[in-house]
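So the structure is just underneath, and the comments pick up after that.
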Amino acid sequence: MEYNKKVMNLFNHPKNVGEVVGASGVGQVGNPVCGDVMRISIKVKDDRIIDIKFKTMGCVAAIATSSMVTEMVKGKTIKYALKVTNLDVAKELGGLPLIKMHCSNLAADALKEAVKDYQSRKVKIDK
Amino acid sequence: MEVYLDNGASTKTDIKVVKAMNPYFTKYYGNASSAHSFGLAARKAVEKSRSIISKKIGAEPNELIFTSGGTESDNAAIIGAALANIDKGNHIISSNIEHPAVMNTLKYLESKGFKVSYLNVDSDGLVNIKELESAITNKTILITIMHANNEIGSVQDIQKIGRIARSRGVLFHTDSVQSFTKEEIDVKKQFIDLASFSSHKIHGPKGVGAMFIRKGVNILPLLHGGGHEFNKRAGTENVSGIVGFAKAVELSNEKYNTIMRRLRDYAINNILKIKNSRLNGSFEKRLVNNINVSFKGIEGEAVLSRLDNAGIMVSTGSACSSKSLELSHVLKAINVPSDYIQGSIRVTLSRFTSKKEIDYFINVLQKVVKELSEMSPYGV
């Protein structure tokens with residue numbers, strides 16, 4: 001599979017790998033049988049993502065998109081984060097092989113799950 | 001450092017092979033069917049090559065025809081035998097771990113009304129001989145089972161299979177592309193009727209292969225045209241390719257197999273020291289140059305890419321790397337556990353592989369697996 005330089009660079013030197021300690025929300029998407037599982041954990045303060053980390057089992061595209069999405073929303077508001085789509089992530093990477101667009105491009109979905117988790121926890125606390 | 005460990009896909013053409021081929025590009029470039037000196041020189045080279053390769057498998061020269069490679073040989077043997085025997089029956093027996101060249105040829109025949117039974121294999125990737133016997137019906141015309149598997153290297157007992165086929169009056173074809181020069185092939189002893197061979201897997205050039213057709217076995221040709229190759233395969237002979245193929249066969253030697261087997265076992269033992277690793281396929285009945293291992297919780301294409309960054313070239317059976325995004329049918333057939341099945345790599349050695357290269361590979365592999373595991377939600 002041929003990837004562009006930006007994708008390969010992020011695959012080889014991913015940013016924000018790990019799990020946020022005392023996370024405000026955690027989201028996971030994918031299925032190990034399909035080969036791609038992404039878990040994103042976020043720490044939110046005043047509606048802003050102040051820390052974000054990922055753990056991914058997957059191919060070059062899965063790891064690169066995971067890393068990319070963490071960089072795209074770090075320091076940004078929850079509202080902004082919810083607007084980021086998988087397609088935005090692929091665009092930011094300068095494109096992905098067509099066949100990888102569906103299977104491995106799930107990072108924004110994982111982020112949304114993490115935000116949802118944060119929001120549901122917040123509702124419980126607020127109550 | 002560049003370390004090529006994908007010899008199951010293709011091999012380095014031996015420089016001695018290239019040298020043997022050269023005169024047939026620039027000096028004796030005549031058509032082997034022509035009656036002049038250049039044509040006769042080409043014909044002589046083709047027939048000498050035919051005798052070298054047929055001798056290697058215990059066949060007569062007129063039982064071997066040249067083709068464009070393993071895929072063509074598989075297609076020609078299977079379709080040719082099926083069409084020639086359509087009056088006797090429409091049933092074919094195969095296994096569920098065949099190479100796509102066989103598998104998709106069978107699917108094609110199924111679409112044309114043939115019935116195919118795909119035998120399951122055990123966790124070592126071996127067919128059960130009793131199941132094979134009981135699958136034979138009075139409509140069975142052909143058994144096609146590969147000698148050695150291209151992904152996991154499992155080596156079938158083709159002599160047993162051949163004996164059963166012969167005793168039941170059924171043709172036996174074996175895809176010997178991976179096993180040729182690495183496992184013994186004796187068409188008489190092993191009761192083989194049809195077999196496929198490829199040149200570029202044994203340090204010969206790409207684009208040339210051969211098919212063994214036992215004397216008395218009738219198959220209909222795929223390619224129609226001039227009367228080349230005993231009227232069984234039309235088309236001007238690829239003279240330089242054929243010469244190179246024969247040279248590669250001449251250069252093969254059992255001593256290389258002993259060395260490869262030792263190096264393979266050394267590599268397997270060291271790879272299995274890595275946490276959460278497993279060998280896919282058989283320890284014992286395994287091709288001398290094949291290693292197929294899986295790592296839990298990481299994905300094969302990621303391992304392949306990280307190894308490639310370090311100059312090491314391997315292949316993977318993970319779905320992510322394939323064009324169809326489908327998992328390897330072979331790894332599924334041998335029931336590789338679901339948390340391991342995506343993390344497989346295939347490492348295939350050649351007689352040019354050195355211990356130094358294997359040590360470098362193991363060293364980098366340990367590092368790569370550790371890094372990817374730490375990045376994985378299933379990592380340890």
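Residue numbering restarts at 1 for every chain of the structure tokens, chains are lettered A, B, ... in their displayed order, and ligands are numbered from 1 as they appear.
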
> Hey, what's within 12 Å of Arg262 in chain B if we count only C-alpha atoms and toss same-chain stuff fewer than 2 positions away? As number ranges by chain, please?
Replying inline: B: 255-260, 264-269, 287-290, 349, 351, 353-355, 358

>> Please identify all residues of chain A having at least one atom at most 10 Å from any atom of chain B, considering only C-alpha atoms, and return them as a PyMOL selection string.
In response: chain A and resi 1+8+11-12+14+17-19+28+32-40+54-63+99-100+103-104

Residues from last step as file, C-alpha atoms, as an mmCIF file, in the first residue's frame:
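The result, stored in result_33.cif:
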```cif
data_model
loop_
_atom_site.group_PDB
_atom_site.id
_atom_site.type_symbol
_atom_site.label_atom_id
_atom_site.label_comp_id
_atom_site.auth_asym_id
_atom_site.auth_seq_id
_atom_site.Cartn_x
_atom_site.Cartn_y
_atom_site.Cartn_z
ATOM 1 C CA MET A 1 0.000 0.000 0.000
ATOM 2 C CA MET A 8 4.122 7.656 6.877
ATOM 3 C CA PHE A 11 2.755 6.439 11.477
ATOM 4 C CA ASN A 12 6.432 6.322 12.318
ATOM 5 C CA PRO A 14 2.807 9.295 16.205
ATOM 6 C CA VAL A 17 0.072 8.000 22.248
ATOM 7 C CA GLY A 18 -1.253 6.603 25.520
ATOM 8 C CA GLU A 19 -4.145 7.136 27.900
ATOM 9 C CA GLN A 28 -13.550 3.289 21.460
ATOM 10 C CA PRO A 32 -10.296 -6.487 16.542
ATOM 11 C CA VAL A 33 -11.441 -9.041 13.965
ATOM 12 C CA CYS A 34 -11.479 -6.283 11.346
ATOM 13 C CA GLY A 35 -8.031 -5.253 12.449
ATOM 14 C CA ASP A 36 -8.677 -1.678 13.500
ATOM 15 C CA VAL A 37 -9.536 -0.576 17.019
ATOM 16 C CA MET A 38 -9.116 2.999 18.202
ATOM 17 C CA ARG A 39 -9.440 4.282 21.730
ATOM 18 C CA ILE A 40 -9.312 7.978 22.491
ATOM 19 C CA PHE A 54 -4.946 7.566 21.673
ATOM 20 C CA LYS A 55 -4.266 3.868 21.604
ATOM 21 C CA THR A 56 -4.749 2.091 18.307
ATOM 22 C CA MET A 57 -4.472 -1.396 17.022
ATOM 23 C CA GLY A 58 -4.350 -1.127 13.265
ATOM 24 C CA CYS A 59 -2.567 -0.458 10.050
ATOM 25 C CA VAL A 60 -0.536 2.527 8.923
ATOM 26 C CA ALA A 61 -3.685 4.527 8.079
ATOM 27 C CA ALA A 62 -5.365 3.729 11.392
ATOM 28 C CA ILE A 63 -2.373 4.889 13.423
ATOM 29 C CA ILE A 99 -9.563 1.456 0.071
ATOM 30 C CA LYS A 100 -8.480 2.764 3.501
ATOM 31 C CA CYS A 103 -11.957 0.650 7.247
ATOM 32 C CA SER A 104 -9.174 2.601 8.853
#
```

>> So that I can check the surroundings of range 42-57 of chain B, please list as number ranges by chain every protein, DNA and RNA residue that reaches within 9 Å of it, counting only C-alpha atoms and ignoring chain neighbours fewer than 3 positions away.
In response: B: 24, 28-34, 37-39, 60-66, 180-181, 184-188, 210, 212, 237-240, 242-247, 249-250

With C-alpha atoms kept, could you save the residues just selected as an mmCIF file, in the first residue's frame?
```cif
data_model
loop_
_atom_site.group_PDB
_atom_site.id
_atom_site.type_symbol
_atom_site.label_atom_id
_atom_site.label_comp_id
_atom_site.auth_asym_id
_atom_site.auth_seq_id
_atom_site.Cartn_x
_atom_site.Cartn_y
_atom_site.Cartn_z
ATOM 1 C CA TYR B 24 19.324 -15.666 -26.269
ATOM 2 C CA TYR B 28 20.541 -16.438 -30.842
ATOM 3 C CA TYR B 29 17.370 -14.404 -30.951
ATOM 4 C CA GLY B 30 15.734 -16.516 -33.642
ATOM 5 C CA ASN B 31 12.324 -18.104 -33.284
ATOM 6 C CA ALA B 32 12.748 -21.660 -32.019
ATOM 7 C CA SER B 33 10.378 -22.801 -34.781
ATOM 8 C CA SER B 34 12.559 -21.374 -37.570
ATOM 9 C CA SER B 37 20.843 -21.468 -37.715
ATOM 10 C CA PHE B 38 19.500 -18.942 -35.217
ATOM 11 C CA GLY B 39 16.233 -20.845 -34.991
ATOM 12 C CA GLU B 60 10.383 -37.624 -19.675
ATOM 13 C CA PRO B 61 11.180 -34.460 -21.682
ATOM 14 C CA ASN B 62 8.023 -34.794 -23.749
ATOM 15 C CA GLU B 63 5.951 -34.741 -20.579
ATOM 16 C CA LEU B 64 6.948 -31.144 -19.799
ATOM 17 C CA ILE B 65 5.670 -28.017 -21.521
ATOM 18 C CA PHE B 66 6.695 -24.437 -20.935
ATOM 19 C CA PHE B 180 9.922 -27.042 -6.427
ATOM 20 C CA THR B 181 13.620 -27.670 -5.617
ATOM 21 C CA GLU B 184 11.350 -33.896 -3.405
ATOM 22 C CA ILE B 185 9.191 -34.163 -6.516
ATOM 23 C CA ASP B 186 9.198 -37.497 -8.302
ATOM 24 C CA VAL B 187 6.195 -37.679 -10.600
ATOM 25 C CA LYS B 188 6.328 -41.473 -10.876
ATOM 26 C CA ALA B 210 6.223 -25.239 -16.740
ATOM 27 C CA PHE B 212 4.057 -31.573 -16.277
ATOM 28 C CA GLU B 237 8.726 -20.038 -26.860
ATOM 29 C CA ASN B 238 10.224 -17.586 -24.361
ATOM 30 C CA VAL B 239 13.671 -18.929 -25.164
ATOM 31 C CA SER B 240 15.790 -16.792 -22.835
ATOM 32 C CA ILE B 242 13.263 -21.048 -20.529
ATOM 33 C CA VAL B 243 17.071 -21.151 -20.554
ATOM 34 C CA GLY B 244 17.134 -19.110 -17.345
ATOM 35 C CA PHE B 245 14.573 -21.373 -15.707
ATOM 36 C CA ALA B 246 16.674 -24.454 -16.526
ATOM 37 C CA LYS B 247 19.836 -22.773 -15.256
ATOM 38 C CA VAL B 249 17.077 -25.641 -11.658
ATOM 39 C CA GLU B 250 20.671 -26.703 -12.318
#
```

> So how many Å separate CA of Leu126 in chain B and CA of Gly80 in chain B, to one decimal?
Replying inline: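 Between CA of Leu126 in chain B and CA of Gly80 in chain B the gap works out to 26.3 Å.
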
>> At a cut-off of 8 Å, using only C-alpha atoms, what residues contact Val102 in chain B? Leave out same-chain residues fewer than 2 positions from it and give the result as a PyMOL selection string.
In response: chain B and resi 71+74-75+78+98-100+104-106+175

> Can you list, as a count of residues only, every protein, DNA or RNA residue that comes within 9 Å of Gly209 in chain B when you count only C-alpha atoms, leaving out same-chain residues fewer than 4 positions away?
Replying inline: 18

>> DSSP on the backbone, helix (DSSP H, G or I) only: what residues of range 2-114 of chain A does that give? Format it as a PyMOL selection string.
In response: chain A and resi 5-12+60-73+78-83+86-92+100-103+107-114

>> Residues within 7 Å of Ala248 in chain B, please, as a ChimeraX atom specification. Count only C-alpha atoms; anything in the same chain fewer than 5 positions from it doesn't count.
In response: /B:17,202-204

>> One decimal, in Å: what's the spacing between CA of Leu40 in chain B and CA of Gly225 in chain B?
In response: 20.7 Å

> So which bits of range 180-262 of chain B end up strand (DSSP E) when you DSSP the backbone, as an NGL selection string?
Replying inline: :B and (194-198 or 209-213)

> What's the 10 Å shell around Lys116 in chain A, counting only C-alpha atoms, without same-chain residues fewer than 6 positions away, as a ChimeraX atom specification?
Replying inline: /A:25-27,78,82,110,122

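Of the residues under consideration (A:Ser120, A:Thr77, A:Ser41, A:Ser66), A:Ser66 shows the shortest atom-to-atom contact distance to Val7 in chain A when counting only C-alpha atoms.
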
> If you measure from CA of Met146 in chain B to CA of Ser176 in chain B, what distance in Å do you get, rounded to one decimal?
Replying inline: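 Computing it gives 6.3 Å between the two atoms.
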
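If you measure from each of A:Ile125, A:Ala90, A:Leu96, A:Ala108 to Gly30 in chain A using only C-alpha atoms, the closest one turns out to be A:Ala108.
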